[in-house]
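Novice: Below is the file input.cif, which contains mmCIF, C-alpha atoms and all ligand atoms.
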```cif
data_structure
#
loop_
_atom_site.label_atom_id
_atom_site.label_comp_id
_atom_site.auth_asym_id
_atom_site.auth_seq_id
_atom_site.Cartn_x
_atom_site.Cartn_y
_atom_site.Cartn_z
CA MET A 965 40.04 93.50 112.58
CA ALA A 966 42.23 91.96 109.92
CA PHE A 967 40.53 89.63 107.48
CA GLU A 968 41.85 86.10 107.33
CA ALA A 969 41.80 83.56 104.57
CA HIS A 970 38.52 81.70 104.04
CA ASN A 971 36.38 84.22 105.85
CA LEU A 972 34.31 85.45 102.91
CA ALA A 973 30.90 84.27 103.99
CA ASP A 974 27.38 85.64 103.83
CA GLY A 975 24.59 85.76 106.40
CA PHE A 976 23.45 82.26 105.41
CA GLY A 977 26.80 80.60 106.09
CA ARG A 978 27.68 80.25 102.41
CA ARG A 979 31.39 80.59 101.69
CA PHE A 980 32.81 82.19 98.57
CA SER A 981 35.93 80.89 96.88
CA TYR A 982 34.99 81.64 93.28
CA VAL A 983 34.69 84.98 91.45
CA ARG A 984 33.28 85.46 87.98
CA LEU A 985 34.86 88.49 86.48
CA SER A 986 33.40 90.16 83.44
CA VAL A 987 36.17 91.79 81.42
CA THR A 988 34.01 93.44 78.79
CA GLU A 989 30.39 94.11 77.88
CA VAL A 990 31.24 93.95 74.18
CA CYS A 991 30.31 90.92 72.11
CA ASN A 992 30.65 90.04 68.45
CA PHE A 993 27.86 87.40 68.40
CA ARG A 994 24.11 87.94 68.33
CA CYS A 995 22.75 84.99 70.29
CA THR A 996 18.98 84.98 70.04
CA TYR A 997 18.48 84.65 73.83
CA CYS A 998 21.14 87.23 74.79
CA LEU A 999 21.90 89.98 72.24
CA PRO A 1000 19.54 89.27 69.31
CA ASP A 1001 20.25 92.69 67.77
CA GLY A 1002 23.96 92.59 68.55
CA TRP A 1003 25.87 94.54 71.16
CA LYS A 1004 25.11 98.27 71.35
CA LYS A 1005 27.35 100.80 72.99
CA THR A 1006 25.65 102.30 76.06
CA GLY A 1007 28.51 104.26 77.63
CA PRO A 1008 32.27 104.74 77.55
CA LEU A 1009 34.20 101.48 77.26
CA SER A 1010 36.10 102.04 80.47
CA PHE A 1011 36.51 98.45 81.55
CA LEU A 1012 38.87 97.32 84.33
CA THR A 1013 42.52 97.39 83.29
CA PRO A 1014 44.89 94.43 83.75
CA SER A 1015 46.48 96.15 86.75
CA GLU A 1016 43.13 96.91 88.40
CA ILE A 1017 42.23 93.26 87.83
CA ALA A 1018 45.49 92.16 89.47
CA ASN A 1019 44.73 94.28 92.55
CA LEU A 1020 41.18 92.96 92.70
CA ALA A 1021 42.35 89.36 92.42
CA SER A 1022 45.01 89.78 95.03
CA ALA A 1023 42.45 91.18 97.53
CA PHE A 1024 40.05 88.32 96.84
CA ALA A 1025 42.84 85.74 97.04
CA GLY A 1026 43.79 87.16 100.45
CA VAL A 1027 40.36 86.15 101.76
CA GLY A 1028 40.26 82.67 100.29
CA VAL A 1029 39.18 83.06 96.67
CA THR A 1030 41.10 80.50 94.63
CA LYS A 1031 39.20 80.45 91.35
CA PHE A 1032 38.45 83.18 88.82
CA ARG A 1033 36.37 82.88 85.69
CA LEU A 1034 36.77 85.46 82.93
CA THR A 1035 33.56 86.16 81.10
CA GLY A 1036 31.69 88.98 79.45
CA GLY A 1037 30.39 90.00 76.84
CA GLU A 1038 32.97 88.09 74.87
CA PRO A 1039 36.25 88.13 76.86
CA SER A 1040 38.36 87.29 73.83
CA VAL A 1041 37.55 90.59 72.10
CA ARG A 1042 39.87 92.27 74.61
CA PRO A 1043 43.24 92.90 72.96
CA ASP A 1044 44.96 92.73 76.37
CA LEU A 1045 43.42 89.40 77.39
CA ILE A 1046 46.85 87.75 77.67
CA ASP A 1047 47.95 90.41 80.19
CA ILE A 1048 44.77 89.86 82.20
CA ILE A 1049 45.34 86.10 82.34
CA ALA A 1050 49.05 86.49 83.16
CA ASN A 1051 48.30 89.01 85.92
CA LEU A 1052 45.79 86.65 87.51
CA ALA A 1053 48.23 83.76 87.25
CA ALA A 1054 50.86 85.79 89.10
CA VAL A 1055 48.62 86.32 92.16
CA ASP A 1056 49.50 84.15 95.16
CA GLY A 1057 46.68 81.79 96.04
CA VAL A 1058 44.97 81.81 92.63
CA LYS A 1059 44.76 78.14 91.63
CA LYS A 1060 42.26 78.11 88.79
CA ILE A 1061 41.78 80.58 85.96
CA ALA A 1062 38.81 79.71 83.81
CA MET A 1063 37.23 81.48 80.87
CA THR A 1064 33.88 81.25 79.14
CA THR A 1065 34.07 82.14 75.45
CA ASN A 1066 32.00 81.86 72.30
CA GLY A 1067 35.12 80.40 70.68
CA TRP A 1068 35.20 82.61 67.56
CA ASN A 1069 39.01 82.93 67.66
CA LEU A 1070 39.83 79.92 69.81
CA ASP A 1071 41.84 78.03 67.24
CA GLN A 1072 44.38 80.84 66.76
CA ARG A 1073 44.52 82.04 70.36
CA VAL A 1074 43.98 79.15 72.75
CA ASN A 1075 47.63 78.13 72.82
CA ARG A 1076 48.69 81.60 73.99
CA TRP A 1077 45.91 81.72 76.63
CA ARG A 1078 47.04 78.36 77.97
CA ASN A 1079 50.68 79.51 78.06
CA ALA A 1080 49.69 82.67 79.94
CA GLY A 1081 48.09 80.56 82.68
CA LEU A 1082 44.51 79.83 81.68
CA SER A 1083 43.70 76.47 83.30
CA HIS A 1084 40.02 75.81 82.52
CA LEU A 1085 38.12 76.57 79.34
CA ASN A 1086 34.36 76.66 78.66
CA VAL A 1087 33.19 77.11 75.11
CA SER A 1088 29.57 77.94 74.34
CA VAL A 1089 28.15 75.81 71.52
CA ASP A 1090 24.38 75.72 71.40
CA SER A 1091 24.07 73.22 68.56
CA LEU A 1092 26.30 70.80 66.67
CA ASP A 1093 24.29 71.48 63.54
CA ARG A 1094 25.97 74.19 61.46
CA GLU A 1095 22.78 75.87 60.25
CA THR A 1096 21.15 75.83 63.71
CA PHE A 1097 24.34 77.26 65.21
CA ARG A 1098 24.29 80.05 62.61
CA THR A 1099 20.64 80.80 63.29
CA ILE A 1100 21.19 81.01 67.06
CA THR A 1101 24.45 83.00 67.10
CA GLY A 1102 24.13 85.01 63.89
CA HIS A 1103 27.48 83.62 62.66
CA ASP A 1104 28.44 80.67 60.49
CA LYS A 1105 31.31 79.81 62.82
CA LEU A 1106 30.61 76.28 63.99
CA PRO A 1107 33.54 74.68 62.06
CA ALA A 1108 35.98 77.28 63.42
CA VAL A 1109 34.72 76.90 66.99
CA MET A 1110 34.92 73.11 66.79
CA ALA A 1111 38.46 73.28 65.39
CA GLY A 1112 39.35 75.45 68.39
CA ILE A 1113 37.86 72.94 70.81
CA ASP A 1114 39.88 70.13 69.24
CA THR A 1115 43.03 72.25 69.53
CA ALA A 1116 42.21 73.00 73.18
CA LEU A 1117 41.71 69.30 73.89
CA GLY A 1118 45.28 68.73 72.71
CA LEU A 1119 46.68 71.20 75.25
CA ASP A 1120 46.99 70.24 78.91
CA PHE A 1121 43.99 72.17 80.24
CA ALA A 1122 42.68 70.93 83.60
CA ALA A 1123 39.25 70.89 81.92
CA VAL A 1124 37.68 71.80 78.61
CA LYS A 1125 33.90 72.07 78.80
CA MET A 1126 31.11 73.13 76.52
CA ASN A 1127 27.94 75.04 77.38
CA ALA A 1128 24.72 74.78 75.41
CA VAL A 1129 21.62 76.77 76.25
CA LEU A 1130 18.65 74.42 76.46
CA LEU A 1131 16.06 75.62 73.96
CA ARG A 1132 12.73 74.01 73.19
CA SER A 1133 13.54 73.67 69.48
CA THR A 1134 16.90 71.95 69.93
CA ALA A 1135 15.87 69.85 72.97
CA ASN A 1136 12.94 68.40 71.02
CA THR A 1137 15.34 66.71 68.63
CA GLY A 1138 16.92 64.77 71.54
CA PHE A 1139 20.52 64.47 72.71
CA ASP A 1140 21.91 61.59 70.63
CA THR A 1141 24.23 63.87 68.65
CA TRP A 1142 25.70 65.25 71.86
CA ALA A 1143 26.17 61.79 73.35
CA GLU A 1144 27.96 60.67 70.17
CA PHE A 1145 30.12 63.78 70.37
CA VAL A 1146 31.37 62.92 73.87
CA ARG A 1147 31.74 59.18 73.20
CA GLU A 1148 35.47 59.54 72.43
CA ARG A 1149 36.15 63.09 73.61
CA PRO A 1150 36.93 63.79 77.29
CA VAL A 1151 34.80 66.92 77.29
CA ALA A 1152 31.85 67.84 79.50
CA VAL A 1153 28.83 69.31 77.72
CA ARG A 1154 26.52 71.17 80.08
CA PHE A 1155 23.06 72.30 79.15
CA ILE A 1156 21.99 75.58 80.76
CA GLU A 1157 18.31 76.18 81.37
CA LEU A 1158 17.29 79.30 79.53
CA MET A 1159 17.11 82.20 81.98
CA ARG A 1160 14.61 84.97 81.88
CA THR A 1161 16.21 88.42 81.67
CA GLY A 1162 14.78 91.91 81.30
CA ASP A 1163 15.18 91.82 77.51
CA ASN A 1164 14.03 88.32 76.63
CA ALA A 1165 10.54 87.86 78.17
CA GLU A 1166 8.83 86.85 74.92
CA TYR A 1167 11.71 84.66 73.79
CA PHE A 1168 11.76 82.97 77.18
CA ALA A 1169 8.04 82.22 77.06
CA ALA A 1170 8.46 80.57 73.66
CA ASN A 1171 11.73 78.72 74.25
CA TYR A 1172 12.10 77.74 77.91
CA VAL A 1173 12.06 74.04 78.60
CA LYS A 1174 12.73 72.40 81.97
CA GLY A 1175 16.14 70.82 82.54
CA SER A 1176 14.51 67.50 83.45
CA ILE A 1177 14.20 66.87 79.71
CA VAL A 1178 17.99 66.33 79.75
CA THR A 1179 18.33 64.46 83.03
CA ASP A 1180 15.39 62.14 82.24
CA TRP A 1181 16.98 61.37 78.87
CA LEU A 1182 20.34 60.62 80.53
CA GLU A 1183 18.96 58.52 83.37
CA GLU A 1184 16.86 56.43 80.99
CA ARG A 1185 20.10 55.54 79.18
CA GLY A 1186 22.22 54.62 82.22
CA TRP A 1187 24.05 57.89 82.81
CA ALA A 1188 24.72 58.62 86.50
CA PRO A 1189 25.17 61.96 88.31
CA GLN A 1190 28.67 62.64 89.65
CA ASP A 1191 29.75 64.41 92.86
CA LYS A 1192 30.59 68.09 92.52
CA HIS A 1193 33.95 69.67 93.29
CA LYS A 1194 33.86 72.10 96.25
CA ASP A 1195 34.73 75.21 94.20
CA GLY A 1196 32.99 73.93 91.10
CA GLY A 1197 30.18 75.72 89.33
CA PRO A 1198 26.49 74.96 89.55
CA ALA A 1199 26.40 72.08 87.03
CA VAL A 1200 25.46 68.51 87.85
CA GLU A 1201 27.41 66.30 85.45
CA TYR A 1202 26.46 62.77 84.41
CA ALA A 1203 28.88 60.05 83.34
CA HIS A 1204 28.47 56.72 81.55
CA PRO A 1205 31.06 53.91 81.34
CA ASP A 1206 30.83 53.80 77.51
CA TYR A 1207 31.56 57.52 77.06
CA ALA A 1208 34.81 59.45 77.59
CA GLY A 1209 33.01 62.74 78.19
CA ARG A 1210 30.14 63.87 80.37
CA ILE A 1211 26.78 65.53 79.88
CA GLY A 1212 25.41 67.84 82.53
CA LEU A 1213 22.84 70.39 83.47
CA ILE A 1214 22.84 73.84 85.02
CA ALA A 1215 19.33 74.38 86.31
CA PRO A 1216 18.89 77.78 87.93
CA TYR A 1217 15.15 77.16 88.24
CA ALA A 1218 15.62 73.95 90.24
CA ALA A 1219 14.65 73.97 93.92
CA GLY A 1220 17.63 74.69 96.19
CA PHE A 1221 19.82 76.06 93.33
CA CYS A 1222 20.93 79.07 95.42
CA ASP A 1223 21.61 77.10 98.63
CA GLY A 1224 25.03 76.00 97.40
CA CYS A 1225 26.01 79.36 95.90
CA ASN A 1226 29.81 79.75 96.19
CA ARG A 1227 30.42 82.53 93.69
CA LEU A 1228 30.47 86.28 93.40
CA ARG A 1229 30.57 88.46 90.33
CA VAL A 1230 32.45 91.58 89.43
CA THR A 1231 31.31 93.59 86.44
CA ALA A 1232 33.60 94.85 83.71
CA ARG A 1233 33.34 98.30 85.33
CA GLY A 1234 34.36 97.07 88.77
CA LYS A 1235 31.07 96.59 90.61
CA LEU A 1236 30.66 93.68 92.98
CA ARG A 1237 27.41 91.93 92.16
CA LEU A 1238 26.11 89.49 94.74
CA CYS A 1239 23.75 87.67 92.40
CA LEU A 1240 23.28 87.61 88.64
CA PHE A 1241 19.60 88.29 89.22
CA GLY A 1242 19.98 90.96 91.89
CA GLU A 1243 20.02 94.72 91.52
CA GLY A 1244 22.71 97.38 91.46
CA GLY A 1245 26.14 96.51 92.80
CA CYS A 1246 28.83 97.72 95.14
CA ASP A 1247 31.40 99.87 93.39
CA LEU A 1248 34.96 98.68 94.07
CA ARG A 1249 36.84 100.61 91.43
CA ASP A 1250 38.06 103.49 93.58
CA LEU A 1251 39.83 100.90 95.76
CA LEU A 1252 41.46 99.03 92.87
CA GLN A 1253 44.21 101.58 92.36
CA ASP A 1254 46.29 100.67 95.43
CA ALA A 1255 48.55 97.67 94.94
CA GLU A 1256 49.71 97.65 98.57
CA ASP A 1257 46.86 98.10 101.07
CA LYS A 1258 44.08 95.59 100.33
CA GLU A 1259 42.35 95.96 103.70
CA PRO A 1260 39.80 98.65 102.64
CA LEU A 1261 38.86 96.58 99.61
CA THR A 1262 38.36 93.32 101.49
CA ARG A 1263 36.40 95.21 104.17
CA ARG A 1264 34.05 96.67 101.56
CA ILE A 1265 33.56 93.29 99.91
CA ALA A 1266 32.85 91.56 103.24
CA GLN A 1267 30.39 94.28 104.22
CA ALA A 1268 28.54 94.02 100.91
CA LEU A 1269 28.36 90.23 101.29
CA SER A 1270 26.36 90.54 104.47
CA GLY A 1271 23.55 91.84 102.24
CA LYS A 1272 23.48 88.84 99.89
CA ALA A 1273 19.94 87.51 99.54
CA ALA A 1274 19.08 83.87 100.19
CA GLY A 1275 18.14 83.31 96.57
CA HIS A 1276 17.07 84.78 93.27
CA ARG A 1277 13.42 85.44 92.42
CA LEU A 1278 13.34 84.05 88.92
CA HIS A 1279 10.36 81.86 89.85
CA GLU A 1280 8.33 84.98 90.41
CA ASN A 1281 9.45 86.18 86.98
CA LEU A 1282 11.72 88.77 88.61
CA PRO A 1283 15.18 88.76 86.93
CA GLY A 1284 16.38 91.81 88.90
CA ASP A 1285 17.78 94.66 86.81
CA LEU A 1286 19.65 92.36 84.42
CA LEU A 1287 18.71 93.07 80.79
CA HIS A 1288 20.82 90.30 79.25
CA LEU A 1289 23.72 88.14 80.41
CA ALA A 1290 26.34 90.02 78.34
CA GLN A 1291 25.78 92.94 80.68
CA LEU A 1292 27.24 91.17 83.73
CA GLY A 1293 28.83 87.98 82.50
CA GLY A 1294 27.06 84.64 82.56
N1 LIG B 1 30.28 85.40 75.32
C1 LIG B 1 30.72 84.33 76.09
C2 LIG B 1 29.94 83.07 75.76
O1 LIG B 1 28.90 83.17 75.15
O2 LIG B 1 30.42 82.00 76.13
C3 LIG B 1 30.69 84.57 77.60
C4 LIG B 1 29.50 85.33 78.13
S1 LIG B 1 27.94 84.50 77.97
C5 LIG B 1 26.88 85.69 78.70
C6 LIG B 1 28.11 83.20 79.17
C7 LIG B 1 27.15 82.06 79.03
O3 LIG B 1 25.84 82.50 79.32
C8 LIG B 1 27.10 81.43 77.66
O4 LIG B 1 27.27 80.02 77.77
C9 LIG B 1 25.71 81.75 77.17
O5 LIG B 1 25.20 80.77 76.31
C10 LIG B 1 24.94 81.84 78.46
N2 LIG B 1 23.71 82.63 78.38
C11 LIG B 1 23.55 83.87 77.89
N3 LIG B 1 22.28 84.29 78.04
C12 LIG B 1 21.60 83.28 78.62
C13 LIG B 1 20.25 83.09 79.05
N4 LIG B 1 19.33 84.03 78.90
N5 LIG B 1 19.94 81.92 79.63
C14 LIG B 1 20.87 80.94 79.83
N6 LIG B 1 22.15 81.07 79.45
C15 LIG B 1 22.52 82.22 78.86
FE1 LIG B 2 27.70 87.15 73.10
FE2 LIG B 2 27.94 85.18 74.83
FE3 LIG B 2 25.71 86.72 74.77
FE4 LIG B 2 26.18 85.01 72.77
S1 LIG B 2 25.81 84.49 74.92
S2 LIG B 2 25.57 87.16 72.56
S3 LIG B 2 28.37 85.07 72.64
S4 LIG B 2 27.74 87.37 75.35
#
```
Turn this file's structure into structure tokens for me.

Specialist:
Amino acid sequence: MAFEAHNLADGFGRRFSYVRLSVTEVCNFRCTYCLPDGWKKTGPLSFLTPSEIANLASAFAGVGVTKFRLTGGEPSVRPDLIDIIANLAAVDGVKKIAMTTNGWNLDQRVNRWRNAGLSHLNVSVDSLDRETFRTITGHDKLPAVMAGIDTALGLDFAAVKMNAVLLRSTANTGFDTWAEFVRERPVAVRFIELMRTGDNAEYFAANYVKGSIVTDWLEERGWAPQDKHKDGGPAVEYAHPDYAGRIGLIAPYAAGFCDGCNRLRVTARGKLRLCLFGEGGCDLRDLLQDAEDKEPLTRRIAQALSGKAAGHRLHENLPGDLLHLAQLGG
């Protein structure tokens, strides 16, 4: 049987048009919830090459995947990032190329990424306070990251968004600074509920706070939830007539979070991962060498998909075999 476009579906009828591709496990930041002691080498750095990524993308695009997100580790530490973006942009059927970055070199590089074909940009900024940012990430880089965001806003990206992990300490001070930040800027800031991983149990217990702290705050002030785009991510974004930007929430602990799952992940070493909080993965790398015959690759992907679970088990305190998000890409 030949696979046709739009037939990547799992046993629960969920369709998959979005792939998050980790391009490296390496990171130069030390975020307290992710890599508090910094990245440590655990094996050879044999990450997917730009041509393997092109073959992967072309197989996925052949079965209806239209959006790719580059993540990591920190994707922008890869010296060949431009080639990766350009290769993705050259694949027929790929409509959106997004990237999640910590923004350390955004100001100098974002123009070239945009020119290579990057269409959507997400920058992680956990606090707008310089000292808090330094404490969380281990780097005094807030001014540089913010300069990069302003540069990006001047380019014609389809969307520039910001991610902030929701931590008890920062949430307790409220969200006024964030609201002020988006008053004139057409940028969406999305808070991500802190996720429990294998490495951060103690940190999670001390810092997790429910996403309703954000949505209650927004609703009390007249912000309204907006409809999601079909191949969009898991965020619910709120808008307000007096503000140019949006504020949103990604709440993996919310009931029904997995019901609308539309995304798959591929690790930097070429394993298909059906869920961030699952276990193991289906190795695709041996099939990424052939630029012509994509059928074996799409067959393997479709077969693996039939084993995708209905949902994660974070509520039972079971994060799967994930030690930290840099390992697979957030
Ligand atoms: N290094 C890049 C960055 O930080 O944007 C990309 C990879 S990072 C793993 C992707 C996203 O996951 C970031 O927005 C980060 O803040 C978020 N993240 C990492 N660990 C997390 C955790 N335990 N809970 C919630 N979000 C997390
Ligand atoms: Fe690095 Fe991103 Fe993890 Fe921070 S969240 S340590 S920037 S991979």

Novice: Given a cut-off of 7 Å, what residues near ligand LIG 2 (chain B) show up using all atoms listed in the file, put as a list of chain:residue names?

Specialist: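 Using all atoms listed in the file, I find these residues within 7 Å of ligand LIG 2 (chain B): A:Cys991, A:Asn992, A:Phe993, A:Arg994, A:Cys995, A:Cys998, A:Leu999, A:Gly1002, A:Gly1036, A:Gly1037, A:Glu1038, A:Thr1065, A:Asn1066, A:Thr1101, A:Leu1289, A:Ala1290.
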
Novice: Would you list the contacts of range 1168-1182 of chain A as JSON, numbers by chain, taking every protein, DNA or RNA residue within 8 Å and counting all atoms listed in the file, but skipping same-chain residues closer than 5 positions in sequence?

Specialist: {"A": [997, 1130, 1131, 1132, 1133, 1135, 1139, 1155, 1156, 1157, 1158, 1159, 1160, 1187, 1188, 1202, 1212, 1213, 1214, 1215]}

Novice: Can you work out the spacing between CA of Asn1226 in chain A and CA of Phe980 in chain A in Å, to one decimal?

Specialist: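 Atom-to-atom, CA of Asn1226 in chain A and CA of Phe980 in chain A are spaced 4.5 Å apart.
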
Novice: With a distance cut-off of 8 Å and all atoms listed in the file, select the neighbouring residues of range 1141-1153 of chain A, excluding the residue or stretch itself and same-chain residues fewer than 4 positions from it, and output the selection as a VMD selection string.

Specialist: chain A and resid 1092 1123 to 1128 1201 1206 to 1212

Novice: Would you compute, for all listed atoms of ligand LIG 1 (chain B), the axis-aligned bounding box grown by 3 Å on each side, and then report its centre and edge lengths in Å rounded to one decimal, as lines of an AutoDock Vina configuration file?

Specialist:
```
center_x = 25.0
center_y = 82.9
center_z = 77.5
size_x = 17.4
size_y = 11.7
size_z = 10.7
```

Novice: Restricting the calculation to only C-alpha atoms: of A:Glu1243, A:Ala1025, A:Glu1184, A:Ser1088, which residue gets closest to Gly1271 in chain A?

Specialist: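 That would be A:Glu1243, the residue with the smallest distance to Gly1271 in chain A.
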
Novice: Measure the distance from CA of Thr1035 in chain A to CA of Gly1138 in chain A in Å and round it to one decimal.

Specialist: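 So the two atoms, CA of Thr1035 in chain A and CA of Gly1138 in chain A, lie 28.7 Å apart.
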
Novice: Quick one, how far is CA of Thr1030 in chain A from CA of Gly1224 in chain A?

Specialist: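 Going from CA of Thr1030 in chain A over to CA of Gly1224 in chain A, I get 16.9 Å.
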
Novice: List the neighbours of Gly1081 in chain A out to 7 Å using all atoms listed in the file; skip same-chain residues closer than 6 positions along the sequence, and give me the result as a list in words.

Specialist: Ile1049, Ala1050 and Ala1053 of chain A

Novice: Take the residues just selected and output them with C-alpha atoms as a compact mmCIF listing (two decimals), keeping the file's coordinate frame.

Specialist:
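That gives us out.txt:
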```
# COMPACT_ATOMS: atom_id res chain seq x y z
CA ILE A 1049 45.34 86.10 82.34
CA ALA A 1050 49.05 86.49 83.16
CA ALA A 1053 48.23 83.76 87.25
```

Novice: Which residue gives the smallest distance to ligand LIG 1 (chain B) among A:Arg1154, A:His1084, A:Arg1233, A:Arg978, with all atoms listed in the file counted?

Specialist: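 Closest candidate: A:Arg1154.
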
Novice: So, counting all atoms listed in the file, which residue among A:Asn1086, A:Ser1015, A:Thr1096, A:Gln1072 is closest to ligand LIG 1 (chain B)?

Specialist: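 Closest to ligand LIG 1 (chain B), using all atoms listed in the file: A:Asn1086.
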
Novice: Which residue, A:Ser1040, A:Ser1270, A:Asn1136, A:Gln1190, has the smallest gap to ligand LIG 1 (chain B) when you use all atoms listed in the file?

Specialist: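 Once distances to ligand LIG 1 (chain B) are computed over all atoms listed in the file, the minimum belongs to A:Ser1040.
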
Novice: Given the choices A:Ala1266, A:Val1089, A:Ala1199, A:Leu1082, which gets closest to ligand LIG 1 (chain B) if the distance is worked out from only C-alpha atoms and all ligand atoms?

Specialist: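 The shortest atom-to-atom distance to ligand LIG 1 (chain B) comes from A:Val1089.
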
Novice: Contacts of Gln1253 in chain A at 10 Å or less, counting only C-alpha atoms, minus same-chain residues fewer than 6 places along, as a PyMOL selection string?

Specialist: chain A and resi 1015-1020

Novice: Select, from A:Pro1198, A:Gly1245, A:Pro1039, A:Gly1234, the residue with the minimum atom-to-atom distance to ligand LIG 1 (chain B), counting only C-alpha atoms and all ligand atoms.

Specialist: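 Looking only at the distances to ligand LIG 1 (chain B), the closest residue turns out to be A:Pro1039.
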